[in-house]
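See structure below.
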Amino acid sequence: MTELAERLSDILGPKGWMPAAEAGPFQRDWLDRYGAPPLGVARPASTAEVSAVLAAAHAAGVAVVPQGGNTGLCGGAVLGSPGGVILSLGRMNACGVPDAASGSIEVEAGLVLQVLHDRLDGSGLMFPMHLGAEGSAQVGGLIGTNAGGSHAFRFGMMQDLVLGLEVVLADGTVWNGMRAVQKDNAGYQLRRLFCGSEGTLGIVTRAVLKLHPAPRQRATALLVLPDEAAAVAFGTRLRAEAGEVLTGLEFFCELGLDLALRHVTSLDYPLETRGGTYLLVEIASASERMPLEDILTATLEWGMEEGLVLDGTIAASDAQRGAFWRLREEQPEGQRLEGAQLKHDVAVPPGRIAEFVAAAGARCEAILPGVRINPFGHLADGNIHYNLSPPEEVADFGGKAQELGLAIAGLATEMGGSFAAEHGLGQAKIALADALRSPVERQLMRSIRRALDPAAVLNPWAVVPARD
């Protein structure tokens, strides 16, 4: 045991320090592509312990990588080379009492998102962040990656849902910015700086989160459309008609639906018609007086008259609503069970989704004929999860994964979008960022990192690498 390991063991005790031999579950990322053996895993139970761990690691010049639920897809929560410390926030999972008058709640960084939803159930308030990994994802990780999810177009990204933060800096200094106010213009917007920083600028330990009134009624529909262009046109009309009550607008394609139905046997498709594109639409309101079904029905009738909607149905119960959502949410699982896959997380202006899908399909087909393409995601904010499977009866991508990834990311950039919509950069997308973002932008990020962490202790392999 090294001197630093002994020091951390003394600080954290037997419940808080996990030696390297026991660190296996924390070592690799969710996709098992990144990760190196750590010196050990620090599991602090308080901000004071986080501060002590960082102070000790800073003095020893040893890297520290914060880890929440480890559900990220870009390798941002594991080590890039052996010998560093993984700092797991899972023991810091306290949840405060919701403040209805202020619309906020104080939580610790290790709180699991689903637990937060459960705690708010029945309070009349909700935290409007929903994503596939909410049963494991922790608040600190959501802040560190500036998570988006299926309701981001309505309620914003994580940076829009954070009112205040407590952050431990690289040398152990603690910044207390736990202010439960939306308007705070006393200088730089520090809380936003840490959202999306992936633990490279500081480690979030507590947060004040913004809450919204919980919906008292919903109307949910599953629609069949001929193609993505029809989906964009219908979505434009729906946003104009439903306005602030539109809370869900998810799209997926025939391949994604087919893979989900084939491999996830508990799914049920409720319509007779199949098409090129599918929309999951949800409108919701905290008021029981809002005529949601009238709004949704009228818009569906318009879509059918215009030839944009081929078929559709409105959920008749909460159980059917849940079944509709599962058709969308099980898309990644269906593709995973099919075999090898490549995941891409891009965003383009919503009006260019159909153009992107067509152009990206042509580029991918030229690189790997027969490649199977499964675009799905968030129609209203332009976020497309552009996932690929090898051609039929082919086991892998024939060494063309990098070429395919660059083609997809390059096209999103050309269209004024992003190759990292909601998953961050981590270690996986460093080369894309260096190739596709301007040197000025990358240098600005390096300057900020160096200013806050000149010793390159905090997650030095992520976002803008500070170590080889």
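Quick note on naming: the chains in the structure tokens go A, B, ... in the order shown, residues restart at 1 in each chain, and ligands are numbered from 1 in order of appearance.
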
request  = Write out as number ranges by chain which residues come within 7 Å of range 381-394 of chain A when counting only C-alpha atoms, dropping same-chain ones fewer than 4 positions away.
outcome  = A: 153, 340-350, 353, 370-377, 421

Can you write just those residues out, C-alpha atoms, as a PDB file, in the first residue's frame?
```
ATOM      1  CA  PHE A 153     -36.751  20.853 -25.076  1.00  0.00           C
ATOM      2  CA  ALA A 340     -22.372  -5.381 -32.359  1.00  0.00           C
ATOM      3  CA  GLN A 341     -23.360  -1.725 -32.510  1.00  0.00           C
ATOM      4  CA  LEU A 342     -21.925   1.768 -32.771  1.00  0.00           C
ATOM      5  CA  LYS A 343     -23.546   4.571 -30.779  1.00  0.00           C
ATOM      6  CA  HIS A 344     -23.470   8.184 -31.939  1.00  0.00           C
ATOM      7  CA  ASP A 345     -25.064  11.112 -30.103  1.00  0.00           C
ATOM      8  CA  VAL A 346     -25.494  14.127 -32.372  1.00  0.00           C
ATOM      9  CA  ALA A 347     -27.692  17.196 -32.633  1.00  0.00           C
ATOM     10  CA  VAL A 348     -28.739  19.338 -35.580  1.00  0.00           C
ATOM     11  CA  PRO A 349     -31.251  22.178 -35.849  1.00  0.00           C
ATOM     12  CA  PRO A 350     -34.639  20.404 -35.545  1.00  0.00           C
ATOM     13  CA  ILE A 353     -33.413  16.311 -38.973  1.00  0.00           C
ATOM     14  CA  GLY A 370     -25.560  -2.727 -46.119  1.00  0.00           C
ATOM     15  CA  VAL A 371     -24.910  -1.103 -42.737  1.00  0.00           C
ATOM     16  CA  ARG A 372     -28.153  -0.988 -40.733  1.00  0.00           C
ATOM     17  CA  ILE A 373     -29.031   2.454 -39.416  1.00  0.00           C
ATOM     18  CA  ASN A 374     -31.252   3.170 -36.429  1.00  0.00           C
ATOM     19  CA  PRO A 375     -31.846   6.903 -35.868  1.00  0.00           C
ATOM     20  CA  PHE A 376     -34.071   7.783 -32.921  1.00  0.00           C
ATOM     21  CA  GLY A 377     -34.304  10.520 -30.353  1.00  0.00           C
ATOM     22  CA  ALA A 421     -25.425  16.349 -27.877  1.00  0.00           C
TER      23      ALA A 421
END
```

inquiry  = I'd like the contact shell of range 249-255 of chain A - 10 Å cut-off, only C-alpha atoms, skipping same-chain residues fewer than 4 positions apart - returned as an MDAnalysis selection string.
reply    = chainID A and resid 150:151 153:154 220:225 227:228 231:232 235 238:239 259:261 274:283 325 327:329 331 334:335 372:381 383:385

request  = Taking the chain letters and numbering used in this document, name the residues of range 89-242 of chain A that DSSP puts in strand (DSSP E or B), as a PyMOL selection string.
outcome  = chain A and resi 95+99+104-108+112+125-126+138+162-168+174-177+203-210+212-213+217-225

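For the set A:Glu241, A:Glu3, A:Glu106, A:Glu365, the residue with the smallest atom-to-atom gap to Leu296 in chain A is A:Glu241, counting only C-alpha atoms.
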
request  = Kindly give the distance, in Å, that separates CA of Leu308 in chain A and CA of Asp258 in chain A, rounded to a single decimal.
outcome  = 21.5 Å

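Per DSSP on the backbone, helix (DSSP H, G or I) in range 35-77 of chain A comprises A:Thr47, A:Ala48, A:Glu49, A:Val50, A:Ser51, A:Ala52, A:Val53, A:Leu54, A:Ala55, A:Ala56, A:Ala57, A:His58, A:Ala59, A:Ala60.
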
query = Can you list, as a PyMOL selection string, every protein, DNA or RNA residue that comes within 8 Å of range 198-207 of chain A when you count only C-alpha atoms, leaving out same-chain residues fewer than 2 positions away?
reply = chain A and resi 47+65-66+76-77+89+92+106-110+140-141+143-145+162-170+178+194-196+209+424+426+449+452-453+458-460+462-463

For the residues selected in the previous step, produce a file with N, CA and C atoms as a short mmCIF file (atom, residue, chain, number, x, y, z; two decimals), in the first residue's frame.
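Saved result, selection.cif, follows:
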```
data_model
loop_
_atom_site.label_atom_id
_atom_site.label_comp_id
_atom_site.auth_asym_id
_atom_site.auth_seq_id
_atom_site.Cartn_x
_atom_site.Cartn_y
_atom_site.Cartn_z
N THR A 47 -18.82 16.19 2.47
CA THR A 47 -18.02 17.15 1.72
C THR A 47 -16.64 17.30 2.35
N VAL A 65 -10.57 10.77 -10.39
CA VAL A 65 -11.70 10.78 -11.33
C VAL A 65 -12.98 10.57 -10.54
N PRO A 66 -13.91 11.54 -10.53
CA PRO A 66 -15.18 11.33 -9.85
C PRO A 66 -16.07 10.37 -10.63
N GLY A 76 -15.95 8.81 -19.43
CA GLY A 76 -15.55 9.99 -18.67
C GLY A 76 -15.46 9.79 -17.18
N ALA A 77 -15.81 8.62 -16.67
CA ALA A 77 -15.84 8.41 -15.22
C ALA A 77 -14.90 7.30 -14.77
N LEU A 89 -19.21 8.85 -5.42
CA LEU A 89 -20.06 9.70 -4.58
C LEU A 89 -21.28 8.96 -4.04
N MET A 92 -22.87 9.61 -0.60
CA MET A 92 -23.40 10.95 -0.35
C MET A 92 -24.72 11.09 -1.10
N GLU A 106 -32.76 20.63 -2.02
CA GLU A 106 -31.33 20.41 -1.84
C GLU A 106 -31.04 18.91 -1.81
N VAL A 107 -30.02 18.48 -2.56
CA VAL A 107 -29.66 17.07 -2.61
C VAL A 107 -28.15 16.93 -2.61
N GLU A 108 -27.68 15.74 -2.25
CA GLU A 108 -26.26 15.44 -2.39
C GLU A 108 -26.01 14.80 -3.75
N ALA A 109 -24.75 14.83 -4.16
CA ALA A 109 -24.39 14.44 -5.52
C ALA A 109 -24.62 12.96 -5.82
N GLY A 110 -24.59 12.11 -4.79
CA GLY A 110 -24.73 10.68 -5.01
C GLY A 110 -26.17 10.19 -5.07
N GLY A 140 -24.85 14.05 -9.31
CA GLY A 140 -23.54 14.62 -9.62
C GLY A 140 -23.09 14.31 -11.04
N GLY A 141 -23.33 13.06 -11.48
CA GLY A 141 -22.97 12.69 -12.85
C GLY A 141 -23.82 13.40 -13.87
N ILE A 143 -25.06 16.37 -13.54
CA ILE A 143 -24.53 17.73 -13.61
C ILE A 143 -23.21 17.73 -14.37
N GLY A 144 -22.34 16.78 -14.05
CA GLY A 144 -21.02 16.73 -14.69
C GLY A 144 -21.09 16.56 -16.18
N THR A 145 -22.11 15.85 -16.68
CA THR A 145 -22.26 15.63 -18.12
C THR A 145 -23.30 16.56 -18.74
N VAL A 162 -30.30 23.49 -12.43
CA VAL A 162 -29.44 23.68 -11.27
C VAL A 162 -29.48 25.15 -10.85
N LEU A 163 -29.89 25.40 -9.61
CA LEU A 163 -29.91 26.76 -9.08
C LEU A 163 -28.63 27.07 -8.30
N GLY A 164 -28.13 26.10 -7.58
CA GLY A 164 -26.93 26.32 -6.78
C GLY A 164 -26.11 25.06 -6.67
N LEU A 165 -24.82 25.23 -6.38
CA LEU A 165 -23.90 24.10 -6.27
C LEU A 165 -22.94 24.28 -5.11
N GLU A 166 -22.49 23.15 -4.58
CA GLU A 166 -21.31 23.11 -3.73
C GLU A 166 -20.29 22.26 -4.46
N VAL A 167 -19.08 22.78 -4.61
CA VAL A 167 -18.06 22.12 -5.41
C VAL A 167 -16.74 22.10 -4.64
N VAL A 168 -16.07 20.95 -4.64
CA VAL A 168 -14.72 20.85 -4.08
C VAL A 168 -13.73 20.98 -5.23
N LEU A 169 -12.82 21.94 -5.10
CA LEU A 169 -11.84 22.20 -6.14
C LEU A 169 -10.63 21.28 -6.02
N ALA A 170 -9.73 21.38 -6.98
CA ALA A 170 -8.66 20.40 -7.11
C ALA A 170 -7.78 20.27 -5.87
N MET A 178 -24.49 27.35 -2.83
CA MET A 178 -25.81 26.74 -2.63
C MET A 178 -26.87 27.83 -2.43
N PHE A 194 -19.53 24.51 -14.11
CA PHE A 194 -19.29 23.14 -13.69
C PHE A 194 -20.25 22.15 -14.34
N CYS A 195 -21.35 22.63 -14.91
CA CYS A 195 -22.27 21.74 -15.62
C CYS A 195 -21.66 21.36 -16.96
N GLY A 196 -21.41 20.09 -17.17
CA GLY A 196 -20.78 19.64 -18.39
C GLY A 196 -19.27 19.56 -18.31
N LEU A 209 -31.66 22.02 -6.74
CA LEU A 209 -32.29 21.72 -8.01
C LEU A 209 -33.62 22.44 -8.14
N GLY A 424 -21.65 14.14 -23.52
CA GLY A 424 -20.35 14.70 -23.19
C GLY A 424 -19.25 14.18 -24.09
N GLY A 426 -15.98 12.95 -22.53
CA GLY A 426 -15.26 11.89 -21.86
C GLY A 426 -13.89 11.69 -22.46
N ARG A 449 -9.34 25.00 -17.68
CA ARG A 449 -8.87 23.84 -16.91
C ARG A 449 -7.59 24.17 -16.15
N LEU A 452 -8.07 26.39 -13.04
CA LEU A 452 -8.69 25.79 -11.87
C LEU A 452 -7.94 24.55 -11.37
N ASP A 453 -7.14 23.94 -12.23
CA ASP A 453 -6.44 22.71 -11.84
C ASP A 453 -5.05 22.68 -12.47
N LEU A 458 -7.50 16.60 -11.62
CA LEU A 458 -8.90 16.24 -11.80
C LEU A 458 -9.18 15.65 -13.18
N ASN A 459 -9.56 14.38 -13.22
CA ASN A 459 -9.97 13.69 -14.45
C ASN A 459 -9.14 14.15 -15.65
N PRO A 460 -7.84 13.96 -15.61
CA PRO A 460 -6.97 14.59 -16.61
C PRO A 460 -7.05 14.01 -18.01
N ALA A 462 -10.07 13.56 -19.65
CA ALA A 462 -11.37 13.89 -20.22
C ALA A 462 -11.43 15.33 -20.73
N VAL A 463 -12.35 15.55 -21.67
CA VAL A 463 -12.72 16.87 -22.23
C VAL A 463 -11.55 17.50 -22.98
#
```

message = For a quick check of understanding, using only C-alpha atoms, which of A:Leu368, A:Leu246, A:Ile448, A:Leu73 has the smallest distance to Ser197 in chain A?
response = A:Ile448

request  = Extract, using only C-alpha atoms, all DNA, RNA and protein residues at most 10 Å from Ser317 in chain A, discarding same-chain residues fewer than 3 positions from it, and format them as a list of chain:residue names.
outcome  = A:Arg218, A:Ala219, A:Thr220, A:Ile314, A:Gln320, A:Arg321, A:Gly322, A:Ala323

task = Just give me the gap between CA of Thr2 in chain A and CA of Ala63 in chain A in Å, one decimal is fine.
result =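 About the pair CA of Thr2 in chain A and CA of Ala63 in chain A: they are 14.4 Å apart.
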
query = So how many Å separate CA of Pro291 in chain A and CA of Leu161 in chain A, to one decimal?
reply =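 Between CA of Pro291 in chain A and CA of Leu161 in chain A the gap is 27.7 Å.
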
message = So, with only C-alpha atoms as the atoms that count, which of A:Ala362, A:Val78, A:Leu211, A:Met18 lies closest to Pro128 in chain A?
response =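 Smallest separation from Pro128 in chain A among the options: A:Leu211.
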
message = My list of candidates is A:Gly339, A:Lys400, A:Asp32, A:Ala55. Which is closest to Ile11 in chain A when distances are computed with only C-alpha atoms?
response =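 Of all the options, A:Ala55 lies closest to Ile11 in chain A.
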
request  = Please provide as a PyMOL selection string all residues within 7 Å of Ser285 in chain A, with the sequence filter that same-chain residues fewer than 4 positions apart are discarded (counting only C-alpha atoms).
outcome  = chain A and resi 215-218+245+290

Output of the above residues as a PDB file, in the first residue's frame, restricted to N, CA, C and O atoms:
```
ATOM      1  N   PRO A 215     -47.487  17.210 -13.254  1.00  0.00           N
ATOM      2  CA  PRO A 215     -48.698  17.194 -14.087  1.00  0.00           C
ATOM      3  C   PRO A 215     -49.834  16.471 -13.391  1.00  0.00           C
ATOM      4  O   PRO A 215     -49.635  15.432 -12.741  1.00  0.00           O
ATOM      5  N   ARG A 216     -51.034  16.990 -13.561  1.00  0.00           N
ATOM      6  CA  ARG A 216     -52.225  16.350 -13.004  1.00  0.00           C
ATOM      7  C   ARG A 216     -53.013  15.626 -14.095  1.00  0.00           C
ATOM      8  O   ARG A 216     -53.966  14.899 -13.802  1.00  0.00           O
ATOM      9  N   GLN A 217     -52.628  15.851 -15.335  1.00  0.00           N
ATOM     10  CA  GLN A 217     -53.226  15.097 -16.432  1.00  0.00           C
ATOM     11  C   GLN A 217     -52.248  15.043 -17.600  1.00  0.00           C
ATOM     12  O   GLN A 217     -51.393  15.920 -17.753  1.00  0.00           O
ATOM     13  N   ARG A 218     -52.383  13.993 -18.400  1.00  0.00           N
ATOM     14  CA  ARG A 218     -51.532  13.811 -19.578  1.00  0.00           C
ATOM     15  C   ARG A 218     -52.378  13.252 -20.712  1.00  0.00           C
ATOM     16  O   ARG A 218     -53.376  12.574 -20.488  1.00  0.00           O
ATOM     17  N   VAL A 245     -47.580  23.109 -23.132  1.00  0.00           N
ATOM     18  CA  VAL A 245     -48.017  21.824 -22.564  1.00  0.00           C
ATOM     19  C   VAL A 245     -47.398  20.629 -23.286  1.00  0.00           C
ATOM     20  O   VAL A 245     -47.590  19.487 -22.873  1.00  0.00           O
ATOM     21  N   MET A 290     -57.146  22.211 -18.403  1.00  0.00           N
ATOM     22  CA  MET A 290     -56.597  22.300 -19.756  1.00  0.00           C
ATOM     23  C   MET A 290     -57.169  21.172 -20.623  1.00  0.00           C
ATOM     24  O   MET A 290     -57.073  20.003 -20.272  1.00  0.00           O
TER      25      MET A 290
END
```

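For the choices A:Gly61, A:Gly24, A:Pro270, A:Gly243, the atom-to-atom distance to Pro38 in chain A is smallest for A:Gly24 when using only C-alpha atoms.
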
key: Among listed residues A:Asp29, A:Asp268, A:Asp118, A:Glu330, nearest Gly75 in chain A (using only C-alpha atoms)   =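 When distances to Gly75 in chain A are compared using only C-alpha atoms, the smallest one comes from A:Asp29.
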
key: Residues near Ser88 in chain A, cut-off 8 Å, only C-alpha atoms, skip fewer than 6 positions along chain, as a ChimeraX atom specification   = /A:41-44,66-68
